[in-house]
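Notes follow the structure.
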Amino acid sequence: MIYHGETLSVRYLEEGIAELIFDAPSSVNKFDLATLESFNLALDALYQQPNLNGLILRSTKTAFIVGADITEFLGLFALPTDQLSQWLHHANTIFNKLEDLPVPTISAINGYALGGGCECVLATDFRVVDHQARIGLPETKLGIMPGFGGTVRLPRLIGADNAIEMITAGKDKTADATLKVGLVDAVVATDTLPTAALSMIKQAIAGDLDWQQRRNQKQTPLRLSATEALMSFTTAKAMVASIAGKHYPAPMAAVKAIEAAATCKRQQALAIENTHFVTLAKTDVAQALVGIFLNDQYLKSQAKQALKTAKPTQQAMVLGAGIMGGGIAYQSVTHHVPVIMKDITRDALTLGMQQAAKLLNKKLIRGRIDGLQMAATLATITPALTYADPNLVDVIIEAVIENPSIKAAVLAEVEQHVTDTTVITSNTSTIPINLLAASLQRPQNFCGMHFFNPVHKMPLVEIIRGQHTANETIDRVVAYAAQMGKTPIVVNDCPGFFVNRVLFPYLAAFSLLLRDGGDYRQIDNVMEQDFGWPMGPAYLLDVVGIDTAHHAQKVMAQGFPQRMAKHDTDAIDVLYEQQRFGQKTGIGFFNYRLDKKGKPKKTINPQTATLLAPIAATPTSFDNATIIDRMMIPMINEVVRCLEENIIATPAEADMALVYGLGFPPFRGGVFRYLDHLGLANYVALADSYQSLGPLYQVPDGLRAKAIANERYYPAATAVTMTQ
C-alpha cells in the first residue's frame with residue numbers, strides 16, 4: 001500500500017503500475033475539502049516511488065466522482081477574496097501534481113465524472129470510459145464556473161468551440177458524445193474497463209502511445225489563429241448573451257476566461273481562471289443558485305424519508321378525465337404507477353386518454369421511447385365509468401371542476417367505494433381542504449394534492465394538510481408524489497394554500513398599478529427583463545386564464561377580506577366581462593395565434609388599452625424600480641405571513657415552492673434569500689414608503705421585529721477553516 005486515506009487509497013496493481021482508488025465511505029465519491037487534501041498526500045506519496053512507471057485512477061462506486069461537495073460552497077465563498085484565491089491556487093497545485101507526474105496517467109471512468117471529477121480526469125493523460133459514463137462541468141448552473149482548471153484544459157483538449165458549448169450549457173455528455181469530440185480515448189463495456197485501462201497504460205509505458213505529447217497539448221496555448229480566435233469568441237459571446245441573459249453572469253465569465261487565456265501557458269491561464277471564479281463566487285447570483293441546490297437537496301431528503309416509512313403506491317385512481325386528469329395519469333404511469341381513470345362520460349374519458357397519448361407521442365417523436373413502450377405505458381391507464389374493486393386502489397386523486405359543492409359530492413361518493421385505509425386527495429388550487437373534508441367520514445385519510453399545469457412540466461406538487469389529516473396520509477402522498485418524479489412540499493391549509501395565496505397579492509398589485517395609470521406592456525417588460533420572471537403579470541394571467549383568475553380572485557377575497565377584497569372593478573373584471581379569457585380564447589391582454597410548431601404566440605392588442613381606460617387614472621410613466629417595488633412588496637409580505645402563520649414550515653420550502661411553482665427567478669434564490677440579500681431593515685424601510693397603498697403593503701410584525709434585531713432568514717455562511 002502506497003497511501004491509505006478515508007476516501008481514497010493508492011496501491012501497486014502490478015509491478016511499476018499503481019492505481020489510485022476513490023472509495024468514500026458514503027454512497028458516492030465527492031471532491032470535498034478533506035478528499036482534496038487526501039488526494040494531495042496520495043500524489044506526494046506517488047512522487048516518492050522510484051519504481052513507478054504508470055498510474056491508473058478509478059472508482060469503486062457506481063459513479064467515478066459526482067463533483068465537489070456543494071454543502072461546502074457557501075463557506076468557501078464566505079472567505080475573504082484573497083484567501084479564496086489562495087485556496088483555489090492551492091487546489092490547482094494539487095491537480096498540477098497529477099498532470100506533472102513523470103509517468104503516464106489514465107482515468108478509468110465509470111458513471112458520472114462531474115465538476116471537480118471531470119477536472120480531475122482532464123489532468124490525466126488518457127481517459128477510458130464505460131458505456132454508462134457521463135462527463136460534464138455543471139458549475140455555471142450554480143452561478144460559478146470551473147475552478148480546478150476546467151476552462152484551461154478542456155479547450156486545449158477538444159477545441160474552444162466544443163469546450164465553450166459544454167461549459168456554458170453546464171450539461172453532461174454521454175460516453176459516445178465525449179468520444180466524438182475527443183474528450184475520451186475509448187468507450188468499453190463496464191466489465192472490461194479495468195483491463196482496458198491497464199492495457200492502455202502499458203502501451204503508453206512502452207512508447208506506443210505518446211503521453212508526453214498529449215500532456216503538452218493541455219499546457220500550451222490554444223492552437224487558434226488570430227482570425228479564428230476572433231470569430232470563435234465573438235460568436236460564443238453573442239450566443240451566450242442571448243441565451244443566458246444579463247442575470248446569469250457565469251457563462252459569459254467562462255467564455256471571457258477561455259478567451260483571455262487562449263494565448264497563455266498553463267500557469268498564467270489558471271491565474272485567469274482563478275480571477276474569474278473568485279469574482280463569480282462573491283456574487284449574490286452564485287449564493288442564490290447554490291442556495292437553491294441545497295434547498296432542493298433538503299426537499300429530496302424529506303421525500304426519501306417518506307419513501308422509507310410510507311406504504312408504496314401500487315395503483316392509483318384519478319377522478320375526472322379532462323386535460324388535468326389525463327396529465328396526472330400520464331405522470332403516474334410514466335413513473336410505473338398504474339392508474340384507473342374514472343369519469344361519468346365516455347367523451348371525457350376519451351379526452352383524458354388523448355391527453356396522455358399526446359404526451360407519450362411527443363416522447364416517441366423525440367426518440368425517448370419506442371412504439372412498444374408507448375403502447376405498454378398507455379395500457380397501464382384503465383378508463384372506467386364505474387368504480388373499481390376497492391381493494392385495488394391505494395391513492396385517489398380527485399381532479400374534477402374547481403367548484404366546492406361538486407368536489408364535495410364527488411369526494412363523499414368515492415369514499416363509499418373504497419376501503420378504510422385508502423387515501424383520498426383533491427387536486428384543488430384554492431378551495432380549503434378543511435371545507436372539503438367536512439363531507440367525508442374519514443377526514444384523517446384525506447389531504448390536498450395540488451398539481452400545477454402543465455402537469456408534465458411543472459415540478460412542484462403542494463401537499464395540503466387539513467385539520468384532521470393523519471401523518472401517515474401525508475407521508476403516503478409525499479411518497480407517491482416523489483414516485484411520480486415530482487417535488488412535494490407540505491403546507492398547512494388556508495385559502496389558496498401557499499403558492500396561490502402569495503400569487504394573488506402580486507396580481508392585486510398589478511391591478512393597482514393599472515388603476516394608477518400604469519401600462520400593462522411596460523409592467524410586463526420590466527418584470528420579465530429587469531426582475532427576471534419568465535412571464536409578466538398580464539402574460540401570466542392570459543396563460544392561467546382570465547376566467548380562472550376571476551374565480552380564484554373571489555375565493556381569495558373571501559378568505560382574506562382585509563387584504564384581498566376588491567372594492568372596484570379591475571382589469572380582470574373588464575376582460576372577464578368581455579369573455580377575453582386569454583390563450584384559451586386567443587385573446588386576453590394580448591392576442592394569440594399558433595406558430596408553425598403549434599405553440600401560442602402573443603401579439604399586442606391595441607384594443608386592450610382602450611378597454612382598460614375607464615378604470616384607470618391618467619396614463620403614468622412609472623420608473624422601473626417603482627414598478628418592481630410595487631409589484632413585489634405585496635407578494636413578499638404574504639410569503640412572510642405564511643411562514644409566520646406556519647402555512648409553510650421553513651424559508652427553504654417557501655423559496656423552492658416559489659421557484660418550482662411560480663417560476664420565481666432562480667438567480668434571486670426565492671423571497672427569503674432575496675430578503676437576506678436586500679437586508680431586512682432596508683426592505684422594511686422600502687415597504688414603509690409604500691404603505692399608503694393599503695393593507696397589502698403593510699410589513700408583517702414578525703419581519704419588522706427580525707429587522708430591528710438585525711436577523712436573517714438563512715444563517716449567514718461561515719467561512720471554512722483552511723488547513724493548508
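To be explicit about the labels: the chains of the C-alpha cells are called A, B, and onward in the order shown, and within each one the residues are counted from 1, while ligands get numbers from 1 in the order they are shown.
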
Q: Compile the contact shell of Leu307 (chain A) as an MDAnalysis selection string: residues with an atom at most 12 Å away, counting only C-alpha atoms, same-chain residues fewer than 4 positions apart removed.
A: chainID A and resid 300:303 311:313 472 474:484 488

Could the residues in this selection be written to a file with N, CA, C and O atoms, as a short mmCIF file (atom, residue, chain, number, x, y, z; two decimals), in the first residue's frame?
data_model
loop_
_atom_site.label_atom_id
_atom_site.label_comp_id
_atom_site.auth_asym_id
_atom_site.auth_seq_id
_atom_site.Cartn_x
_atom_site.Cartn_y
_atom_site.Cartn_z
N LYS A 300 -35.43 16.75 -1.24
CA LYS A 300 -35.23 15.35 -1.64
C LYS A 300 -35.03 14.45 -0.42
O LYS A 300 -35.53 13.32 -0.39
N SER A 301 -34.33 14.95 0.59
CA SER A 301 -34.13 14.15 1.79
C SER A 301 -35.45 13.93 2.53
O SER A 301 -35.69 12.85 3.08
N GLN A 302 -36.32 14.95 2.51
CA GLN A 302 -37.64 14.81 3.12
C GLN A 302 -38.46 13.75 2.39
O GLN A 302 -39.13 12.92 3.02
N ALA A 303 -38.41 13.80 1.06
CA ALA A 303 -39.17 12.83 0.26
C ALA A 303 -38.62 11.42 0.45
O ALA A 303 -39.39 10.45 0.54
N LYS A 311 -46.21 3.33 2.94
CA LYS A 311 -46.50 2.22 2.04
C LYS A 311 -46.39 2.71 0.60
O LYS A 311 -46.86 3.80 0.27
N PRO A 312 -45.78 1.92 -0.28
CA PRO A 312 -45.68 2.36 -1.68
C PRO A 312 -47.05 2.33 -2.36
O PRO A 312 -47.90 1.52 -2.02
N THR A 313 -47.24 3.26 -3.28
CA THR A 313 -48.48 3.28 -4.07
C THR A 313 -48.29 2.38 -5.28
O THR A 313 -47.44 2.64 -6.13
N GLU A 472 -49.68 9.68 8.64
CA GLU A 472 -49.50 8.56 7.71
C GLU A 472 -50.02 8.91 6.32
O GLU A 472 -49.44 8.50 5.30
N ILE A 474 -50.15 12.01 5.00
CA ILE A 474 -49.19 12.94 4.41
C ILE A 474 -47.99 12.19 3.88
O ILE A 474 -47.54 12.41 2.73
N ASP A 475 -47.44 11.28 4.68
CA ASP A 475 -46.27 10.51 4.24
C ASP A 475 -46.58 9.71 2.98
O ASP A 475 -45.76 9.62 2.07
N ARG A 476 -47.77 9.11 2.94
CA ARG A 476 -48.16 8.30 1.78
C ARG A 476 -48.21 9.15 0.52
O ARG A 476 -47.73 8.73 -0.56
N VAL A 477 -48.78 10.35 0.62
CA VAL A 477 -48.95 11.20 -0.55
C VAL A 477 -47.63 11.85 -0.95
O VAL A 477 -47.34 11.99 -2.15
N VAL A 478 -46.82 12.23 0.02
CA VAL A 478 -45.48 12.75 -0.29
C VAL A 478 -44.68 11.70 -1.04
O VAL A 478 -44.03 11.98 -2.06
N ALA A 479 -44.75 10.46 -0.55
CA ALA A 479 -44.02 9.36 -1.19
C ALA A 479 -44.53 9.12 -2.61
O ALA A 479 -43.73 8.91 -3.54
N TYR A 480 -45.85 9.17 -2.80
CA TYR A 480 -46.41 8.96 -4.14
C TYR A 480 -45.99 10.08 -5.09
O TYR A 480 -45.61 9.83 -6.24
N ALA A 481 -46.02 11.33 -4.61
CA ALA A 481 -45.58 12.45 -5.46
C ALA A 481 -44.13 12.26 -5.87
O ALA A 481 -43.75 12.52 -7.02
N ALA A 482 -43.29 11.81 -4.93
CA ALA A 482 -41.88 11.56 -5.25
C ALA A 482 -41.76 10.41 -6.24
O ALA A 482 -40.92 10.45 -7.15
N GLN A 483 -42.58 9.36 -6.06
CA GLN A 483 -42.60 8.26 -7.03
C GLN A 483 -42.91 8.77 -8.43
O GLN A 483 -42.40 8.25 -9.42
N MET A 484 -43.75 9.80 -8.51
CA MET A 484 -44.16 10.36 -9.79
C MET A 484 -43.11 11.29 -10.39
O MET A 484 -43.32 11.87 -11.46
N PRO A 488 -42.49 17.24 -3.86
CA PRO A 488 -43.61 17.54 -2.96
C PRO A 488 -43.20 18.50 -1.85
O PRO A 488 -42.10 18.39 -1.28
#

Q. DSSP says helix (DSSP H, G or I) for which residues of region 122-293 of chain A? Put them as a PyMOL selection string?
A. chain A and resi 122+139-142+150-158+160-169+175-181+190-206+211-219+226-244+250-261+266-281+284-293

Q) With only C-alpha atoms as the atoms that count, which of A:Asp595, A:Thr487, A:Leu41, A:Ala557 lies nearest to Asp296 (chain A)? A) A:Thr487

Q: Do a neighbour search on Tyr47 (chain A) at 10 Å with only C-alpha atoms, toss out local chain neighbours closer than 5 positions, and write the hits as a list of chain:residue names.
A: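 The filter keeps A:Leu41, A:Ala42, A:Leu52, A:Lys97, A:Leu98, A:Asp100, A:Leu101, A:Pro102, A:Val103.
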
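Proximity ranking of A:Gly518, A:Lys358, A:Leu678, A:Gln373 relative to His336 (chain A) places A:Gln373 first, based on only C-alpha atoms.
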
Output as a Markdown table one row per residue of region 44-99 of chain A within 9 Å of region 1-22 of chain A: the closest atom pair and its distance in Å to one decimal place, counting only C-alpha atoms, sorted by chain and residue number ascending.
| residue | atom | partner | partner_atom | distance |
| --- | --- | --- | --- | --- |
| A:Ala45 | CA | A:Ile2 | CA | 6.6 |
| A:Leu46 | CA | A:Ile2 | CA | 7.2 |
| A:Gln49 | CA | A:Ile2 | CA | 8.4 |
| A:Asn51 | CA | A:Gly16 | CA | 5.6 |
| A:Leu52 | CA | A:Gly16 | CA | 4.7 |
| A:Asn53 | CA | A:Gly16 | CA | 4.8 |
| A:Gly54 | CA | A:Ile17 | CA | 4.8 |
| A:Leu55 | CA | A:Ala18 | CA | 4.9 |
| A:Ile56 | CA | A:Glu19 | CA | 4.6 |
| A:Leu57 | CA | A:Leu20 | CA | 4.8 |
| A:Arg58 | CA | A:Ile21 | CA | 5.1 |
| A:Ser59 | CA | A:Phe22 | CA | 4.7 |
| A:Thr60 | CA | A:Phe22 | CA | 6.5 |
| A:Lys61 | CA | A:Phe22 | CA | 8.0 |
| A:Phe64 | CA | A:Phe22 | CA | 7.6 |
| A:Ile65 | CA | A:Phe22 | CA | 8.0 |

Q: Any chance you could list, as a PyMOL selection string, the residues in region 51-127 of chain A that come up strand (DSSP E) when DSSP is run on the backbone?
A: chain A and resi 54-59+105-109+112-114+126-127

Writing out the chosen residues with N, CA and C atoms as a compact mmCIF listing (two decimals), in the first residue's frame:
# COMPACT_ATOMS: atom_id res chain seq x y z
N GLY A 54 3.63 4.02 -14.16
CA GLY A 54 2.34 4.47 -14.68
C GLY A 54 1.30 4.50 -13.57
N LEU A 55 0.22 5.30 -13.77
CA LEU A 55 -0.84 5.44 -12.76
C LEU A 55 -2.21 5.35 -13.41
N ILE A 56 -3.09 4.57 -12.77
CA ILE A 56 -4.49 4.47 -13.18
C ILE A 56 -5.36 5.05 -12.06
N LEU A 57 -6.32 5.90 -12.42
CA LEU A 57 -7.32 6.41 -11.47
C LEU A 57 -8.62 5.66 -11.72
N ARG A 58 -9.25 5.17 -10.65
CA ARG A 58 -10.55 4.51 -10.81
C ARG A 58 -11.38 4.68 -9.55
N SER A 59 -12.63 4.25 -9.63
CA SER A 59 -13.56 4.36 -8.51
C SER A 59 -14.20 3.01 -8.22
N THR A 105 -0.44 8.69 -17.18
CA THR A 105 -1.59 8.53 -16.29
C THR A 105 -2.86 8.32 -17.12
N ILE A 106 -3.80 7.58 -16.54
CA ILE A 106 -5.07 7.33 -17.23
C ILE A 106 -6.20 7.26 -16.21
N SER A 107 -7.37 7.76 -16.57
CA SER A 107 -8.57 7.65 -15.74
C SER A 107 -9.48 6.59 -16.33
N ALA A 108 -9.90 5.64 -15.49
CA ALA A 108 -10.89 4.63 -15.88
C ALA A 108 -12.22 5.07 -15.30
N ILE A 109 -13.08 5.63 -16.14
CA ILE A 109 -14.27 6.37 -15.67
C ILE A 109 -15.53 5.53 -15.84
N TYR A 112 -20.74 8.75 -13.55
CA TYR A 112 -20.58 10.20 -13.64
C TYR A 112 -19.18 10.66 -13.25
N ALA A 113 -18.65 11.60 -14.04
CA ALA A 113 -17.45 12.36 -13.67
C ALA A 113 -17.81 13.82 -13.91
N LEU A 114 -18.26 14.49 -12.86
CA LEU A 114 -18.82 15.84 -13.00
C LEU A 114 -18.00 16.85 -12.20
N PHE A 126 -4.75 10.23 -20.37
CA PHE A 126 -5.74 9.49 -21.16
C PHE A 126 -6.98 9.25 -20.32
N ARG A 127 -8.08 8.97 -21.02
CA ARG A 127 -9.35 8.69 -20.35
C ARG A 127 -10.07 7.57 -21.11

Q: Check the smallest atom-to-atom distance from each of A:His551, A:Arg501, A:Arg134, A:Lys457 to Pro404 (chain A) using only C-alpha atoms, then report the winner.
A: A:His551

Q: With a distance cut-off of 8 Å and only C-alpha atoms, select the neighbouring residues of Phe531 (chain A), excluding the residue or stretch itself and same-chain residues fewer than 3 positions from it, and output the selection as a list of chain:residue names.
A: A:Val526, A:Met527, A:Glu528, A:Ile628, A:Pro665

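Counting only C-alpha atoms, the residue from A:Lys363, A:Arg641, A:His417, A:His247 that sits nearest to Val699 (chain A) is A:Arg641.
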
(Q) Could you check the closest approach to Val544 (chain A) for each of A:Thr263, A:Asn453, A:Asn29, A:Gln467 and tell me which residue wins, using only C-alpha atoms? (A) A:Asn453

**Q.** Top pick for closest residue to Met353 (chain A), considering A:Ala34, A:Ala321, A:Val639, A:Ala375 and counting only C-alpha atoms
**A.**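 Distance minimum relative to Met353 (chain A) lands on A:Ala321.
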
Q: Provide the CA of Gly448 (chain A) to CA of Ala408 (chain A) distance in Å, to one decimal place.
A: 12.8 Å

Q: Rounded to one decimal place, report the CA of Pro700 (chain A)-CA of Gln287 (chain A) distance in Å.
A: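 That distance, rounded to one decimal, is 25.9 Å.
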
Q: Excluding Gly466 (chain A) and residues on its chain fewer than 2 positions from it, collect all residues at most 7 Å away from it, counting only C-alpha atoms, and give them as number ranges by chain.
A: A: 433-434, 447, 464, 468-469, 492-493

**Q.** CA of Ile272 (chain A) to CA of Ala260 (chain A), straight-line distance in Å
**A.**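 According to the coordinates, CA of Ala260 (chain A) and CA of Ile272 (chain A) are separated by 7.2 Å.
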